[in-house]
Amino acid sequence: MGCHGTSAPAAQLDMRPYSSMAAVVGDFGRWRLMSGRLAAVEMPPKVAPQPSPELRRQVITWIQAVGSAEARRHAGDPGPVLARRLSSAEYNNTIRDLTGVDIQPAREFPVDPANQAGFDNSGESLVMSPALFNKYLEAARQVSEHMVLKPDGFDFAPHPMLAETDRDRYAIRRTQTR
């Protein structure tokens with residue numbers, strides 16, 4: 001506590017907040033770093049009084065035991081799983097697969113950002129802003145404009161069905177392909 005319990009703790013590591021196991025577990029990354037520094041005999045510094053090798057080993061063993069206990073306690077828990085939206089490519093492919101028509105409704109969406117690993121389909125990078133939500137609504141309207149109601153269900157045309165002439169053009173193409 002001489003180095004890490006003062007008003008100006010060494011390496012900005014103040015040990016005073018770690019008065020409970022919950023505090024230690026809550027900031028275990030720092031404790032893992034301490035364990036590594038103790039094992040490498042980098043802490044405490046050479047000018048400070050040194051713990052006996054047995055005490056050093058006990059502290060390192062305790063830190064490792066806390067880490068192992070926490071790992072066992074959370075075994076099988078993947079941690080927070082972020083909800084995510086479809087990427088623009090996934091959205092276009094989904095609409096194509098569902099309708100049978102390559103409408104490309106996400107062509108007006110902004111470019112999907114990539115995460116630190118370079119993937120553009122992860123929850124942390126695929127956020128939904130109000131502006132993007134409006135783009136999704138417009139894309140849904142665009143998809144619905146391609147829907148054709150038939151006596152026995154519905155279909156999707158490769159072009160928007162906004163006027164009677166569009167329906168005629170769809171019907172003519174359907175009869176020509178049969």
# chains A, B, ... in the order shown; residues from 1 in each chain; ligands from 1
call {"tool": "residues_around", "arguments": {"residues": "range 23-36 of chain A", "least_positions_apart": "3", "cutoff": "8 Å", "atoms": "only C-alpha atoms", "output": "PyMOL selection string"}}
result
chain A and resi 17-20+39-40+43+59-60+63-64+66-67+70
call {"tool": "select_by_dssp", "arguments": {"residues": "range 23-169 of chain A", "states": "strand (DSSP E)", "output": "list in words"}}
result
Met147, Val148, Leu149, Lys150, Gly153, Phe154, Asp155 and Phe156 of chain A
call {"tool": "residues_around", "arguments": {"residues": "Leu86 in chain A", "least_positions_apart": "5", "cutoff": "8 Å", "atoms": "only C-alpha atoms", "output": "list in words"}}
result
Tyr91, Asn121 and Leu126 of chain A
call {"tool": "write_last_selection", "arguments": {"atoms": "all heavy atoms", "output": "compact mmCIF listing (two decimals), in the first residue's frame"}}
result
# COMPACT_ATOMS: atom_id res chain seq x y z
N TYR A 91 -29.35 -7.89 -45.98
CA TYR A 91 -30.73 -7.44 -46.20
C TYR A 91 -31.14 -7.64 -47.65
O TYR A 91 -32.21 -8.18 -47.94
CB TYR A 91 -30.86 -5.97 -45.79
CG TYR A 91 -32.27 -5.44 -45.81
CD1 TYR A 91 -33.15 -5.76 -44.79
CD2 TYR A 91 -32.72 -4.64 -46.84
CE1 TYR A 91 -34.45 -5.29 -44.80
CE2 TYR A 91 -34.02 -4.16 -46.86
CZ TYR A 91 -34.88 -4.49 -45.83
OH TYR A 91 -36.16 -4.02 -45.84
N ASN A 121 -20.40 -7.36 -40.22
CA ASN A 121 -21.68 -7.97 -39.83
C ASN A 121 -21.71 -8.33 -38.35
O ASN A 121 -22.32 -9.30 -37.95
CB ASN A 121 -21.99 -9.19 -40.69
CG ASN A 121 -20.98 -10.30 -40.50
OD1 ASN A 121 -19.93 -10.10 -39.90
ND2 ASN A 121 -21.29 -11.47 -41.02
N LEU A 126 -23.00 -2.79 -36.23
CA LEU A 126 -24.26 -2.60 -36.95
C LEU A 126 -25.31 -1.97 -36.04
O LEU A 126 -26.21 -2.64 -35.56
CB LEU A 126 -24.75 -3.92 -37.52
CG LEU A 126 -23.87 -4.50 -38.63
CD1 LEU A 126 -24.37 -5.87 -39.03
CD2 LEU A 126 -23.83 -3.58 -39.82
call {"tool": "residues_around", "arguments": {"residues": "range 103-110 of chain A", "least_positions_apart": "6", "cutoff": "10 Å", "atoms": "only C-alpha atoms", "output": "CSV table (one decimal) with C-alpha atoms, in the first residue's frame"}}
result
chain,number,residue,atom,x,y,z
A,87,SER,CA,-25.9,-5.8,-43.0
A,88,SER,CA,-26.9,-4.1,-46.3
A,89,ALA,CA,-25.7,-7.2,-48.2
A,90,GLU,CA,-27.6,-9.6,-45.9
A,91,TYR,CA,-30.7,-7.4,-46.2
A,92,ASN,CA,-30.6,-7.4,-50.0
A,93,ASN,CA,-30.0,-11.2,-50.1
A,94,THR,CA,-32.8,-11.8,-47.7
A,95,ILE,CA,-35.3,-9.8,-49.7
A,96,ARG,CA,-34.1,-11.6,-52.9
A,131,ALA,CA,-31.8,8.0,-40.2
A,132,LEU,CA,-31.1,4.4,-41.0
A,133,PHE,CA,-34.4,3.3,-39.6
A,134,ASN,CA,-36.1,5.7,-42.0
A,135,LYS,CA,-34.1,4.1,-44.8
A,136,TYR,CA,-35.4,0.7,-43.7
A,138,GLU,CA,-38.4,3.3,-47.3
A,139,ALA,CA,-36.8,0.0,-48.4
A,140,ALA,CA,-39.9,-1.9,-47.1
A,141,ARG,CA,-42.1,0.4,-49.1
A,142,GLN,CA,-40.0,-0.2,-52.1
A,143,VAL,CA,-40.3,-4.0,-51.7
A,146,HIS,CA,-43.2,-4.9,-56.3
A,156,PHE,CA,-43.3,-10.2,-56.7
A,157,ALA,CA,-42.5,-8.4,-60.0
A,158,PRO,CA,-39.0,-7.3,-61.0
A,159,HIS,CA,-40.4,-3.8,-61.5
A,160,PRO,CA,-42.6,-1.6,-59.2
call {"tool": "closest_residue", "arguments": {"among": "A:Arg16, A:Gly76, A:Ala22, A:Val127", "to": "His4 in chain A", "atoms": "only C-alpha atoms"}}
result
A:Arg16
call {"tool": "residues_around", "arguments": {"residues": "Leu149 in chain A", "least_positions_apart": "6", "cutoff": "12 Å", "atoms": "only C-alpha atoms", "output": "PDB file with N, CA, C and O atoms, in the first residue's frame"}}
result
ATOM      1  N   ASP A 155     -47.300 -12.476 -55.581  1.00  0.00           N
ATOM      2  CA  ASP A 155     -46.017 -12.703 -56.225  1.00  0.00           C
ATOM      3  C   ASP A 155     -45.271 -11.379 -56.183  1.00  0.00           C
ATOM      4  O   ASP A 155     -45.820 -10.361 -55.759  1.00  0.00           O
ATOM      5  N   PHE A 156     -44.044 -11.381 -56.658  1.00  0.00           N
ATOM      6  CA  PHE A 156     -43.266 -10.151 -56.726  1.00  0.00           C
ATOM      7  C   PHE A 156     -42.771  -9.964 -58.149  1.00  0.00           C
ATOM      8  O   PHE A 156     -42.258 -10.890 -58.764  1.00  0.00           O
ATOM      9  N   ALA A 157     -42.934  -8.761 -58.652  1.00  0.00           N
ATOM     10  CA  ALA A 157     -42.498  -8.420 -60.002  1.00  0.00           C
ATOM     11  C   ALA A 157     -41.101  -7.817 -59.939  1.00  0.00           C
ATOM     12  O   ALA A 157     -40.716  -7.233 -58.927  1.00  0.00           O
ATOM     13  N   MET A 161     -44.961  -2.036 -59.159  1.00  0.00           N
ATOM     14  CA  MET A 161     -46.328  -2.192 -59.683  1.00  0.00           C
ATOM     15  C   MET A 161     -47.162  -1.005 -59.206  1.00  0.00           C
ATOM     16  O   MET A 161     -47.962  -1.120 -58.285  1.00  0.00           O
ATOM     17  N   ARG A 167     -49.067  -3.635 -64.174  1.00  0.00           N
ATOM     18  CA  ARG A 167     -49.702  -4.939 -63.988  1.00  0.00           C
ATOM     19  C   ARG A 167     -49.854  -5.652 -65.329  1.00  0.00           C
ATOM     20  O   ARG A 167     -49.650  -6.855 -65.436  1.00  0.00           O
ATOM     21  N   TYR A 170     -46.467  -6.987 -66.328  1.00  0.00           N
ATOM     22  CA  TYR A 170     -46.164  -8.172 -65.530  1.00  0.00           C
ATOM     23  C   TYR A 170     -46.919  -9.388 -66.081  1.00  0.00           C
ATOM     24  O   TYR A 170     -46.343 -10.457 -66.263  1.00  0.00           O
ATOM     25  N   ALA A 171     -48.210  -9.219 -66.346  1.00  0.00           N
ATOM     26  CA  ALA A 171     -49.033 -10.328 -66.838  1.00  0.00           C
ATOM     27  C   ALA A 171     -48.530 -10.807 -68.196  1.00  0.00           C
ATOM     28  O   ALA A 171     -48.470 -12.014 -68.459  1.00  0.00           O
TER      29      ALA A 171
END
call {"tool": "closest_residue", "arguments": {"among": "A:Met128, A:Asp168, A:Gln58, A:Pro80", "to": "Pro113 in chain A", "atoms": "only C-alpha atoms"}}
result
A:Met128
